[in-house]
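File shown: model_10.txt (compact mmCIF, C-alpha atoms).
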# COMPACT_ATOMS: atom_id res chain seq x y z
CA MET A 1 0.00 0.00 0.00
CA PRO A 2 1.36 3.41 -0.86
CA ALA A 3 2.28 5.63 2.09
CA ARG A 4 -0.32 8.00 3.49
CA ASN A 5 -0.40 11.76 3.98
CA PRO A 6 0.29 12.92 0.44
CA ALA A 7 1.77 16.33 -0.08
CA PRO A 8 -0.61 19.02 -1.32
CA ASP A 9 -1.36 18.41 -4.96
CA SER A 10 -0.95 20.83 -7.76
CA PRO A 11 -2.36 20.30 -11.24
CA ALA A 12 1.20 20.13 -12.54
CA ASP A 13 2.06 17.37 -10.04
CA LEU A 14 -0.85 15.20 -11.10
CA ALA A 15 -0.26 15.85 -14.80
CA ALA A 16 3.43 14.98 -14.34
CA LEU A 17 2.44 11.77 -12.56
CA LEU A 18 0.12 10.80 -15.42
CA ASP A 19 2.95 11.53 -17.83
CA ALA A 20 5.25 9.21 -15.86
CA VAL A 21 2.53 6.52 -15.67
CA ALA A 22 2.34 6.65 -19.47
CA THR A 23 6.01 5.60 -19.63
CA GLY A 24 5.33 2.53 -17.48
CA ASP A 25 6.42 3.96 -14.13
CA GLU A 26 4.64 1.90 -11.46
CA ALA A 27 5.88 4.09 -8.62
CA ALA A 28 4.15 7.03 -10.33
CA LEU A 29 0.93 5.02 -10.50
CA ALA A 30 1.24 4.26 -6.78
CA ASP A 31 1.73 7.95 -6.04
CA LEU A 32 -1.22 8.92 -8.25
CA TYR A 33 -3.37 6.32 -6.49
CA ARG A 34 -2.32 7.64 -3.09
CA ARG A 35 -3.33 11.17 -4.03
CA THR A 36 -6.52 10.55 -5.99
CA SER A 37 -8.09 7.20 -5.05
CA ALA A 38 -10.23 8.54 -2.17
CA LYS A 39 -11.84 11.06 -4.52
CA LEU A 40 -12.48 8.47 -7.22
CA PHE A 41 -13.74 5.93 -4.67
CA GLY A 42 -16.21 8.55 -3.43
CA VAL A 43 -17.35 9.13 -7.03
CA CYS A 44 -17.81 5.38 -7.63
CA LEU A 45 -19.66 4.84 -4.34
CA ARG A 46 -22.13 7.64 -5.08
CA ILE A 47 -23.06 6.01 -8.39
CA LEU A 48 -22.90 2.33 -7.42
CA LYS A 49 -24.02 2.55 -3.75
CA GLU A 50 -22.34 -0.78 -2.97
CA GLN A 51 -18.89 -0.98 -1.44
CA GLY A 52 -17.83 -4.17 -3.25
CA GLU A 53 -18.94 -2.89 -6.66
CA ALA A 54 -17.22 0.43 -6.08
CA GLU A 55 -13.99 -1.35 -5.10
CA GLU A 56 -14.01 -3.37 -8.31
CA VAL A 57 -14.68 -0.29 -10.44
CA LEU A 58 -11.91 1.61 -8.64
CA GLN A 59 -9.52 -1.24 -9.44
CA GLU A 60 -10.59 -1.26 -13.11
CA THR A 61 -10.21 2.52 -13.22
CA TYR A 62 -6.53 2.51 -12.24
CA ILE A 63 -5.80 -0.42 -14.56
CA THR A 64 -7.32 1.64 -17.38
CA VAL A 65 -5.33 4.68 -16.27
CA TRP A 66 -2.18 2.54 -16.44
CA HIS A 67 -2.90 1.56 -20.04
CA ARG A 68 -4.34 4.87 -21.27
CA ALA A 69 -2.41 7.55 -19.39
CA GLY A 70 -0.67 8.36 -22.69
CA THR A 71 -3.97 9.69 -24.09
CA TYR A 72 -4.24 12.34 -21.35
CA ASP A 73 -3.58 15.86 -22.66
CA PRO A 74 -2.95 18.42 -19.89
CA ALA A 75 -3.70 21.26 -22.30
CA LYS A 76 -7.27 20.03 -22.67
CA ALA A 77 -8.34 18.84 -19.23
CA GLY A 78 -7.36 18.87 -15.60
CA ALA A 79 -5.94 15.57 -14.37
CA ILE A 80 -8.74 15.15 -11.84
CA SER A 81 -11.45 15.80 -14.44
CA TRP A 82 -9.84 13.18 -16.67
CA LEU A 83 -9.57 10.64 -13.85
CA VAL A 84 -13.16 11.33 -12.72
CA ALA A 85 -14.32 10.81 -16.31
CA VAL A 86 -12.58 7.40 -16.47
CA ALA A 87 -14.07 6.33 -13.11
CA ARG A 88 -17.60 7.60 -13.87
CA ASN A 89 -17.58 5.95 -17.28
CA LYS A 90 -16.68 2.58 -15.74
CA ALA A 91 -19.23 2.97 -12.94
CA LEU A 92 -21.98 3.93 -15.42
CA ASP A 93 -21.11 1.03 -17.74
CA ARG A 94 -21.46 -1.32 -14.81
CA ILE A 95 -24.70 0.06 -13.44
CA ARG A 96 -26.31 0.31 -16.89
CA SER A 97 -25.29 -3.25 -17.73
CA GLY A 98 -28.04 -4.34 -15.34
CA LYS A 99 -25.74 -6.53 -13.28
CA VAL A 100 -25.94 -4.19 -10.32
CA ARG A 101 -29.25 -3.71 -8.61
CA ARG A 102 -30.10 -0.15 -7.68
CA LEU A 103 -30.82 -0.45 -4.01
CA THR A 104 -32.05 2.92 -2.97
CA ASP A 105 -33.42 6.07 -4.30
CA PRO A 106 -30.42 7.36 -6.21
CA LEU A 107 -30.90 10.89 -4.94
CA GLU A 108 -30.63 10.26 -1.24
CA ASP A 109 -28.63 13.40 -0.63
CA GLY A 110 -27.54 14.53 -4.03
CA PHE A 111 -30.53 16.44 -5.25
CA ASP A 112 -29.08 19.74 -4.25
CA PRO A 113 -28.11 22.62 -6.42
CA ALA A 114 -24.44 22.49 -7.27
CA ASP A 115 -22.27 22.75 -4.22
CA PRO A 116 -20.23 25.89 -4.70
CA SER A 117 -17.54 25.02 -2.17
CA PRO A 118 -14.47 23.55 -3.87
CA SER A 119 -12.85 20.53 -2.29
CA ALA A 120 -9.20 20.80 -1.35
CA LEU A 121 -8.20 18.65 -4.28
CA ALA A 122 -10.27 20.24 -6.99
CA ALA A 123 -9.65 23.78 -5.83
CA VAL A 124 -6.18 23.68 -7.24
CA GLU A 125 -7.02 22.72 -10.78
CA HIS A 126 -8.88 24.42 -13.55
CA GLU A 127 -10.56 26.92 -11.29
CA ASP A 128 -11.71 28.86 -14.36
CA ASP A 129 -13.61 25.84 -15.69
CA ARG A 130 -15.32 25.40 -12.34
CA ARG A 131 -16.32 29.06 -12.07
CA ALA A 132 -17.65 29.07 -15.64
CA LEU A 133 -19.70 25.94 -14.99
CA MET A 134 -21.17 27.30 -11.76
CA ALA A 135 -22.05 30.60 -13.43
CA CYS A 136 -23.72 28.84 -16.37
CA LEU A 137 -25.58 26.36 -14.14
CA GLY A 138 -26.79 29.41 -12.23
CA GLU A 139 -28.47 30.68 -15.40
CA LEU A 140 -30.58 27.51 -15.71
CA ASP A 141 -33.99 27.07 -14.16
CA GLU A 142 -33.93 25.24 -10.86
CA GLU A 143 -35.41 21.92 -12.08
CA PRO A 144 -32.96 21.27 -14.93
CA ARG A 145 -30.05 22.47 -12.81
CA ARG A 146 -30.84 20.07 -9.98
CA ALA A 147 -31.54 17.21 -12.39
CA ILE A 148 -28.25 17.63 -14.28
CA HIS A 149 -26.38 17.76 -11.01
CA ALA A 150 -28.10 14.60 -9.73
CA ALA A 151 -27.44 12.79 -13.01
CA PHE A 152 -23.74 13.57 -12.77
CA ILE A 153 -23.24 12.82 -9.08
CA GLU A 154 -25.63 9.90 -8.57
CA GLY A 155 -25.70 8.42 -12.06
CA ALA A 156 -29.49 8.78 -12.07
CA THR A 157 -31.44 7.90 -15.22
CA TYR A 158 -34.20 9.98 -16.85
CA GLU A 159 -36.73 7.52 -15.42
CA GLN A 160 -35.40 7.79 -11.89
CA LEU A 161 -35.31 11.57 -12.06
CA ALA A 162 -38.85 11.73 -13.47
CA THR A 163 -40.19 9.35 -10.81
CA LEU A 164 -38.50 11.28 -8.06
CA ARG A 165 -39.88 14.62 -9.19
CA GLY A 166 -43.29 13.13 -10.00
CA VAL A 167 -43.28 14.40 -13.58
CA PRO A 168 -43.80 12.52 -16.87
CA LEU A 169 -40.66 11.06 -18.44
CA GLY A 170 -41.02 13.34 -21.47
CA THR A 171 -41.09 16.40 -19.24
CA MET A 172 -37.89 15.41 -17.45
CA LYS A 173 -36.19 14.69 -20.80
CA SER A 174 -37.23 18.10 -22.11
CA TRP A 175 -36.05 19.90 -18.96
CA ILE A 176 -32.63 18.27 -19.04
CA ARG A 177 -32.12 18.47 -22.83
CA ARG A 178 -33.06 22.15 -23.02
CA GLY A 179 -30.93 22.74 -19.93
CA LEU A 180 -27.92 21.05 -21.54
CA GLN A 181 -28.36 23.06 -24.74
CA LYS A 182 -28.50 26.28 -22.77
CA LEU A 183 -25.51 25.18 -20.70
CA ARG A 184 -23.51 24.48 -23.84
CA ARG A 185 -24.28 27.91 -25.33
CA CYS A 186 -23.29 29.59 -22.06
CA LEU A 187 -20.05 27.60 -21.68
CA GLU A 188 -18.99 28.53 -25.22
CA ARG A 189 -19.38 32.24 -24.59
CA MET B 18 -41.33 25.26 -18.95
CA THR B 19 -44.21 22.86 -19.39
CA HIS B 20 -45.81 24.82 -22.24
CA GLU B 21 -42.85 24.00 -24.51
CA PRO B 22 -43.23 21.12 -26.98
CA PRO B 23 -41.63 17.81 -25.91
CA PHE B 24 -37.97 17.35 -26.79
CA GLU B 25 -38.01 14.19 -28.88
CA ASP B 26 -35.11 11.72 -29.13
CA ARG B 27 -34.78 12.42 -32.86
CA ASP B 28 -34.21 16.13 -32.23
CA ARG B 29 -30.90 15.56 -30.45
CA ASP B 30 -27.70 16.77 -32.10
CA ASP B 31 -24.26 15.26 -31.44
CA SER B 32 -23.47 17.70 -28.66
CA LEU B 33 -26.61 16.69 -26.79
CA LEU B 34 -25.99 12.98 -27.43
CA ALA B 35 -22.48 13.45 -26.07
CA ALA B 36 -23.78 15.25 -22.96
CA GLU B 37 -26.31 12.46 -22.34
CA TYR B 38 -23.55 9.88 -22.81
CA VAL B 39 -21.29 11.65 -20.31
CA LEU B 40 -24.11 11.98 -17.77
CA GLY B 41 -25.12 8.36 -18.38
CA LEU B 42 -28.73 9.23 -19.21
CA GLY B 43 -29.25 7.11 -22.32
CA GLU B 44 -30.66 3.59 -22.54
CA PRO B 45 -28.10 0.73 -22.23
CA ASP B 46 -28.21 -0.11 -25.96
CA GLU B 47 -27.73 3.51 -26.91
CA ARG B 48 -24.90 3.82 -24.37
CA ARG B 49 -23.05 0.89 -25.96
CA ALA B 50 -23.51 2.32 -29.45
CA LEU B 51 -22.28 5.76 -28.36
CA GLY B 52 -19.31 4.14 -26.60
CA ARG B 53 -18.29 2.63 -29.93
CA ARG B 54 -18.73 6.02 -31.63
CA VAL B 55 -16.33 7.60 -29.13
CA GLU B 56 -13.69 5.09 -30.29
CA GLU B 57 -14.36 5.51 -34.00
CA ASP B 58 -15.55 9.09 -34.56
CA PRO B 59 -13.02 11.77 -33.53
CA ALA B 60 -15.55 14.60 -33.87
CA PHE B 61 -17.95 12.86 -31.51
CA ALA B 62 -15.05 12.02 -29.15
CA ARG B 63 -14.29 15.76 -29.01
CA GLU B 64 -17.90 16.48 -28.01
CA VAL B 65 -17.67 13.89 -25.26
CA ALA B 66 -14.36 15.36 -24.06
CA PHE B 67 -15.95 18.84 -24.02
CA TRP B 68 -18.62 17.69 -21.58
CA GLU B 69 -16.26 15.57 -19.49
CA VAL B 70 -13.99 18.57 -18.95
CA ARG B 71 -16.78 21.08 -18.38
CA LEU B 72 -18.90 18.94 -16.09
CA GLY B 73 -15.89 17.38 -14.31
CA SER B 74 -15.81 19.99 -11.55
CA LEU B 75 -19.27 18.88 -10.39
CA ALA B 76 -17.33 16.05 -8.73
CA ASN B 77 -16.19 18.69 -6.21
CA ALA B 78 -19.44 18.01 -4.39
CA VAL B 79 -18.48 14.37 -3.82
CA LYS B 80 -16.88 13.60 -0.47
CA PRO B 81 -13.64 11.57 -0.77
CA VAL B 82 -13.83 8.12 0.86
CA PRO B 83 -10.61 6.20 1.56
CA ALA B 84 -10.62 2.90 -0.31
CA PRO B 85 -9.73 -0.32 1.55
CA ALA B 86 -6.05 -1.27 1.28
CA TRP B 87 -6.71 -4.43 -0.69
CA VAL B 88 -7.86 -2.48 -3.76
CA TRP B 89 -4.30 -1.29 -4.29
CA THR B 90 -2.97 -4.80 -3.59
CA ARG B 91 -5.22 -6.16 -6.33
CA ILE B 92 -4.12 -3.44 -8.76
CA GLU B 93 -0.49 -4.36 -8.11
CA GLN B 94 -1.27 -8.03 -8.59
CA GLU B 95 -3.08 -7.37 -11.85
CA LEU B 96 -0.31 -5.14 -13.19
CA GLY B 97 2.28 -7.73 -12.20
CA ARG B 98 0.44 -10.20 -14.39
CA VAL B 99 -0.34 -8.15 -17.47
CA VAL B 100 2.64 -5.84 -17.91
CA PRO B 101 6.38 -6.29 -17.77
CA ARG B 102 7.85 -5.03 -14.52
CA PRO B 103 9.01 -1.54 -15.42
CA THR B 104 12.11 -1.89 -13.22
CA THR B 105 13.59 -4.27 -15.80
CA GLU B 106 13.28 -1.74 -18.61
CA PRO B 107 15.89 0.82 -19.48
CA ARG B 108 14.99 4.32 -18.34
CA ALA B 109 16.42 6.47 -21.09
CA PRO B 110 16.79 5.60 -24.74
CA GLY B 111 20.44 4.87 -25.42
CA GLY B 112 21.17 4.25 -21.75
CA PRO B 113 22.63 1.00 -20.48
CA ASN B 114 20.24 -1.88 -21.02
CA LEU B 115 20.03 -4.22 -18.07
CA TRP B 116 18.97 -7.16 -20.20
CA ASP B 117 22.13 -6.84 -22.32
CA SER B 118 24.45 -6.47 -19.36
CA LEU B 119 26.79 -9.44 -18.85
CA THR B 120 27.57 -8.28 -15.30
CA PHE B 121 23.85 -8.28 -14.48
CA TRP B 122 23.32 -11.81 -15.75
CA ARG B 123 26.44 -13.13 -13.98
CA GLY B 124 25.14 -11.60 -10.74
CA PHE B 125 21.62 -12.80 -11.46
CA SER B 126 22.68 -16.43 -11.91
CA ALA B 127 24.74 -16.35 -8.70
CA VAL B 128 21.78 -14.90 -6.75
CA SER B 129 19.36 -17.36 -8.39
CA GLY B 130 21.48 -20.28 -7.23
CA LEU B 131 21.48 -18.93 -3.69
CA VAL B 132 17.69 -18.38 -3.76
CA ALA B 133 17.14 -21.94 -4.99
CA ALA B 134 19.31 -23.29 -2.15
CA VAL B 135 17.43 -21.26 0.46
CA CYS B 136 14.07 -22.40 -0.97
CA LEU B 137 15.17 -26.02 -0.70
CA VAL B 138 16.02 -25.53 2.98
CA ILE B 139 12.65 -23.81 3.65
CA ILE B 140 10.70 -26.54 1.86
CA THR B 141 12.55 -29.22 3.80
CA LEU B 142 11.85 -27.53 7.12
CA HIS B 143 8.24 -26.56 6.32
CA PRO B 144 6.40 -29.02 4.12
CA PHE B 145 3.68 -27.39 2.03
CA GLU B 146 0.52 -26.46 3.92
CA PRO B 147 -2.49 -28.40 2.72
CA VAL B 148 -4.97 -26.55 0.50
CA ARG B 149 -7.21 -24.43 2.75
CA ALA B 150 -10.59 -26.10 3.04
CA PRO B 151 -13.87 -24.16 2.89
CA MET B 152 -15.40 -23.11 6.21
CA VAL B 153 -18.96 -22.40 7.31
CA ALA B 154 -20.76 -20.28 9.88
CA THR B 155 -24.33 -19.87 11.04
CA LEU B 156 -24.95 -16.31 12.20
CA MET B 157 -27.56 -16.25 14.96
CA MET B 158 -29.79 -13.30 15.79
CA ASP B 159 -30.54 -12.08 19.33
CA ASP B 160 -33.91 -13.84 19.32
CA GLY B 161 -32.21 -17.20 18.74
CA ARG B 162 -33.19 -17.55 15.08
CA SER B 163 -30.61 -18.19 12.35
CA GLY B 164 -29.99 -14.94 10.48
CA PHE B 165 -27.50 -16.01 7.82
CA MET B 166 -25.87 -19.19 6.58
CA VAL B 167 -22.33 -18.44 5.43
CA SER B 168 -19.71 -20.40 3.57
CA VAL B 169 -16.15 -19.14 3.31
CA ASP B 170 -13.67 -20.07 0.58
CA PRO B 171 -10.37 -18.89 2.09
CA MET B 172 -8.28 -19.86 -0.94
CA ASN B 173 -10.18 -17.58 -3.30
CA GLY B 174 -11.32 -14.97 -0.80
CA LYS B 175 -15.04 -15.61 -1.39
CA VAL B 176 -17.67 -15.33 1.32
CA MET B 177 -21.14 -16.54 0.34
CA LEU B 178 -24.08 -15.45 2.50
CA MET B 179 -27.62 -16.77 2.41
CA PRO B 180 -30.20 -14.89 4.47
CA ALA B 181 -32.12 -17.40 6.59
CA ALA B 182 -34.69 -15.04 8.06
CA GLN B 183 -36.56 -11.91 7.12
CA THR B 184 -34.83 -8.92 8.70
CA ASP B 185 -36.18 -5.40 8.92
CA MET B 186 -33.94 -2.79 7.38
CA PRO B 187 -34.47 0.93 7.83
CA PRO B 188 -34.61 2.75 4.48
CA GLU B 189 -31.31 3.90 2.99
CA HIS B 190 -29.31 1.45 5.09
CA THR B 191 -27.26 -1.56 4.16
CA ASN B 192 -25.72 -4.59 5.84
CA GLU B 193 -22.02 -4.76 6.55
CA LEU B 194 -20.13 -8.00 7.16
CA TRP B 195 -17.36 -8.04 9.78
CA ILE B 196 -14.72 -10.56 10.71
CA ILE B 197 -13.38 -10.76 14.26
CA THR B 198 -10.21 -12.86 14.40
CA ASP B 199 -9.05 -14.19 17.75
CA GLY B 200 -10.78 -11.49 19.78
CA GLY B 201 -9.26 -8.62 17.75
CA PRO B 202 -11.21 -5.56 16.51
CA PRO B 203 -13.90 -6.20 13.86
CA GLN B 204 -12.63 -5.69 10.32
CA SER B 205 -15.03 -4.93 7.49
CA LEU B 206 -15.38 -7.43 4.66
CA GLY B 207 -17.81 -5.25 2.72
CA THR B 208 -21.45 -4.22 2.45
CA PHE B 209 -24.37 -6.15 0.98
CA THR B 210 -28.16 -6.31 0.93
CA ALA B 211 -29.81 -9.31 2.49
CA LYS B 212 -32.47 -9.86 -0.17
CA GLY B 213 -31.01 -13.09 -1.50
CA PRO B 214 -27.79 -15.08 -1.74
CA VAL B 215 -24.78 -12.80 -2.12
CA THR B 216 -21.07 -13.39 -2.65
CA ILE B 217 -18.55 -10.95 -1.23
CA THR B 218 -15.02 -11.02 -2.57
CA VAL B 219 -12.45 -10.29 0.09
CA SER B 220 -8.69 -10.19 0.14
CA PRO B 221 -7.35 -13.66 1.04
CA ASP B 222 -5.19 -12.02 3.69
CA MET B 223 -8.39 -11.02 5.52
CA MET B 224 -9.13 -14.71 6.05
CA PRO B 225 -8.26 -16.08 9.51
CA PRO B 226 -5.09 -18.16 9.62
CA LYS B 227 -5.72 -21.88 9.81
CA GLY B 228 -6.71 -23.00 13.26
CA MET B 229 -7.26 -19.47 14.64
CA PRO B 230 -10.74 -18.87 16.13
CA ALA B 231 -12.77 -16.30 14.20
CA LYS B 232 -16.32 -14.93 14.17
CA LEU B 233 -18.42 -13.28 11.50
CA ALA B 234 -20.98 -10.60 12.30
CA VAL B 235 -23.50 -8.53 10.31
CA SER B 236 -24.41 -4.98 11.31
CA VAL B 237 -26.86 -2.39 9.99
CA GLU B 238 -25.05 0.61 8.56
CA PRO B 239 -25.72 3.72 6.49
CA MET B 240 -25.39 3.30 2.69
CA GLY B 241 -21.74 2.91 1.73
CA GLY B 242 -20.87 1.23 5.03
CA SER B 243 -19.96 2.35 8.51
CA PRO B 244 -18.49 5.85 8.43
CA THR B 245 -16.16 5.03 11.33
CA GLY B 246 -14.53 1.83 10.08
CA LYS B 247 -16.03 0.03 13.09
CA PRO B 248 -19.59 -1.28 13.42
CA SER B 249 -21.70 1.83 14.05
CA GLY B 250 -25.22 0.38 13.88
CA PRO B 251 -27.02 -2.50 15.60
CA MET B 252 -25.65 -6.03 15.22
CA LEU B 253 -28.11 -8.23 13.33
CA ALA B 254 -26.42 -11.57 13.78
CA SER B 255 -23.07 -13.20 14.57
CA GLY B 256 -21.50 -16.65 14.77
CA ASP B 257 -18.25 -18.62 14.86
CA ILE B 258 -16.52 -19.86 11.69
CA HIS B 259 -16.02 -23.65 11.64
CA GLY B 260 -14.04 -25.98 9.42
CA ILE B 261 -15.99 -28.66 7.57

Could the structure of this file be written out as structure tokens, please?
Amino acid sequence: MPARNPAPDSPADLAALLDAVATGDEAALADLYRRTSAKLFGVCLRILKEQGEAEEVLQETYITVWHRAGTYDPAKAGAISWLVAVARNKALDRIRSGKVRRLTDPLEDGFDPADPSPSALAAVEHEDDRRALMACLGELDEEPRRAIHAAFIEGATYEQLATLRGVPLGTMKSWIRRGLQKLRRCLER
Amino acid sequence: MTHEPPFEDRDRDDSLLAAEYVLGLGEPDERRALGRRVEEDPAFAREVAFWEVRLGSLANAVKPVPAPAWVWTRIEQELGRVVPRPTTEPRAPGGPNLWDSLTFWRGFSAVSGLVAAVCLVIITLHPFEPVRAPMVATLMMDDGRSGFMVSVDPMNGKVMLMPAAQTDMPPEHTNELWIITDGGPPQSLGTFTAKGPVTITVSPDMMPPKGMPAKLAVSVEPMGGSPTGKPSGPMLASGDIHGI
């Protein structure tokens, strides 16, 4: 197990670690795991809700990172965003494959408007992206904003979101789709 | 909002499809098809990357949770199997290559001979342990009924549980399985729901050494497991592990 108490991370540190992982440096992978696995495990747990499933997806995530670190481009994305995308993608593939039963209401505590407080880890990277996203989410109506947030954090489906809000499926789809279109236009400004 | 016409599936452009893919909103079939498009269609892959980068900071709202130590152990094991150990590869192009070094191989064969000799001594002194046999446990509830029938495969790190009685679970809670080896503190083996038979994969090093007394216990915990690392909710059932 890698040692605990990692030093404070900077985006450059994490990007440099991914760069080293791409050359086959296992020590760099261990260091990356030490600094980022708690965040990614939290992300997996929120979507999968089951400890064992989340552990397996976390394992798959770092194996994928080992093989695909060379495709990471620091000019295009923060290292954490890239890692979160790999982990979420694996968690969503697993939960949508139907092998994992959804046990609870997926929105147990995630149906909040976007949390504006940055975590210690994310605060250091791509702060401009975060501010732009929060500003643009703030321009959306409340329903689409909350639904998009819940879909990202909890991996909720259109059906689950519609059931939870007590609206027809078509209404929820329209809210989210128009919200995403508006979000895209705002983010491109 | 409700006076607007419905937003039909066919009205989605690639940017919207990419956003739905990133959020995981599409149907499973559509998700698989879009996953293939990401691999094959660079323009669509760029749309997906746009949303992954832009939405990525929403993960700020997710609380980090330390992963159990065995996840890293399994990653190391898997990497050891599928990739060459990077320590045997030359660091810089043009630098000295270990595999071509005569000194290295001379040293390696001397050390190998020594290792073989030491192994022979160890094997002679400690004959191989027999294959670890499966074990079983019946976890009893406070009212004297059987709560769970459990079988343990220590070689493969599999624990199979079968609920034997209906148990009441508060909403948004889960069961957590604990192992208590030789009177030590309970260690978590993972969370599960007691609606049917379930198999929990655990690290083989969490299994009790042969001959050491051990108990299993099931507690009621918040979703995701006990926040403290120790049982935090009521104990549903517990029982000793026996050889068969």

Hey, list the chain B side of the contact with chain A: 6 Å cut-off, all atoms listed in the file, answer as a PyMOL selection string. chain B and resi 23-24+40+42+45+70+73-74+77-78+80-84+92+103+208+241

Which residues are close to B:Thr191, i.e. within 7 Å by all atoms listed in the file, leaving aside same-chain residues fewer than 2 positions away? Reply as a PDB file with C-alpha atoms, keeping the file's coordinate frame.
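Heads up, here's the output in out-v2.pdb:
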ATOM      1  CA  GLU B 189     -31.310   3.900   2.990  1.00  0.00           C
ATOM      2  CA  GLU B 193     -22.020  -4.760   6.550  1.00  0.00           C
ATOM      3  CA  THR B 208     -21.450  -4.220   2.450  1.00  0.00           C
ATOM      4  CA  PHE B 209     -24.370  -6.150   0.980  1.00  0.00           C
ATOM      5  CA  THR B 210     -28.160  -6.310   0.930  1.00  0.00           C
ATOM      6  CA  VAL B 237     -26.860  -2.390   9.990  1.00  0.00           C
ATOM      7  CA  GLU B 238     -25.050   0.610   8.560  1.00  0.00           C
ATOM      8  CA  PRO B 239     -25.720   3.720   6.490  1.00  0.00           C
ATOM      9  CA  MET B 240     -25.390   3.300   2.690  1.00  0.00           C
TER      10      MET B 240
END

Please measure the separation of atom CA of B:Gly52 and atom CA of B:Thr90, giving the value in Å to one decimal.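 Between these atoms lies a distance of 29.6 Å.
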
When you draw a straight line from atom CA of A:Leu140 to atom CA of A:Arg185, how long is it in Å?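 Between atom CA of A:Leu140 and atom CA of A:Arg185 the gap works out to 11.5 Å.
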
Interatomic distance between atom CA of B:Met152 and atom CA of B:Val215?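 Going from atom CA of B:Met152 over to atom CA of B:Val215, I get 16.2 Å.
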
As lines of an AutoDock Vina configuration file, what would the box around stretch 13-28 of chain A look like: edges along x, y and z, 3 Å added on every side, centre and edge lengths in Å to one decimal?
center_x = 2.8
center_y = 9.6
center_z = -14.1
size_x = 13.3
size_y = 21.5
size_z = 17.0

Considering all atoms listed in the file, can you say which of B:Pro214, B:Gly250, B:Gly41, B:Gly200 comes closest to B:Glu69?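 Closest to B:Glu69 of all the choices is B:Gly41.
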
Taking (-28.3, -12.2, 17.2) in the file's own coordinates, collect the residues within 6 Å, counting only C-alpha atoms, and hand them back as an NGL selection string. :B and (157-159 or 253-255)
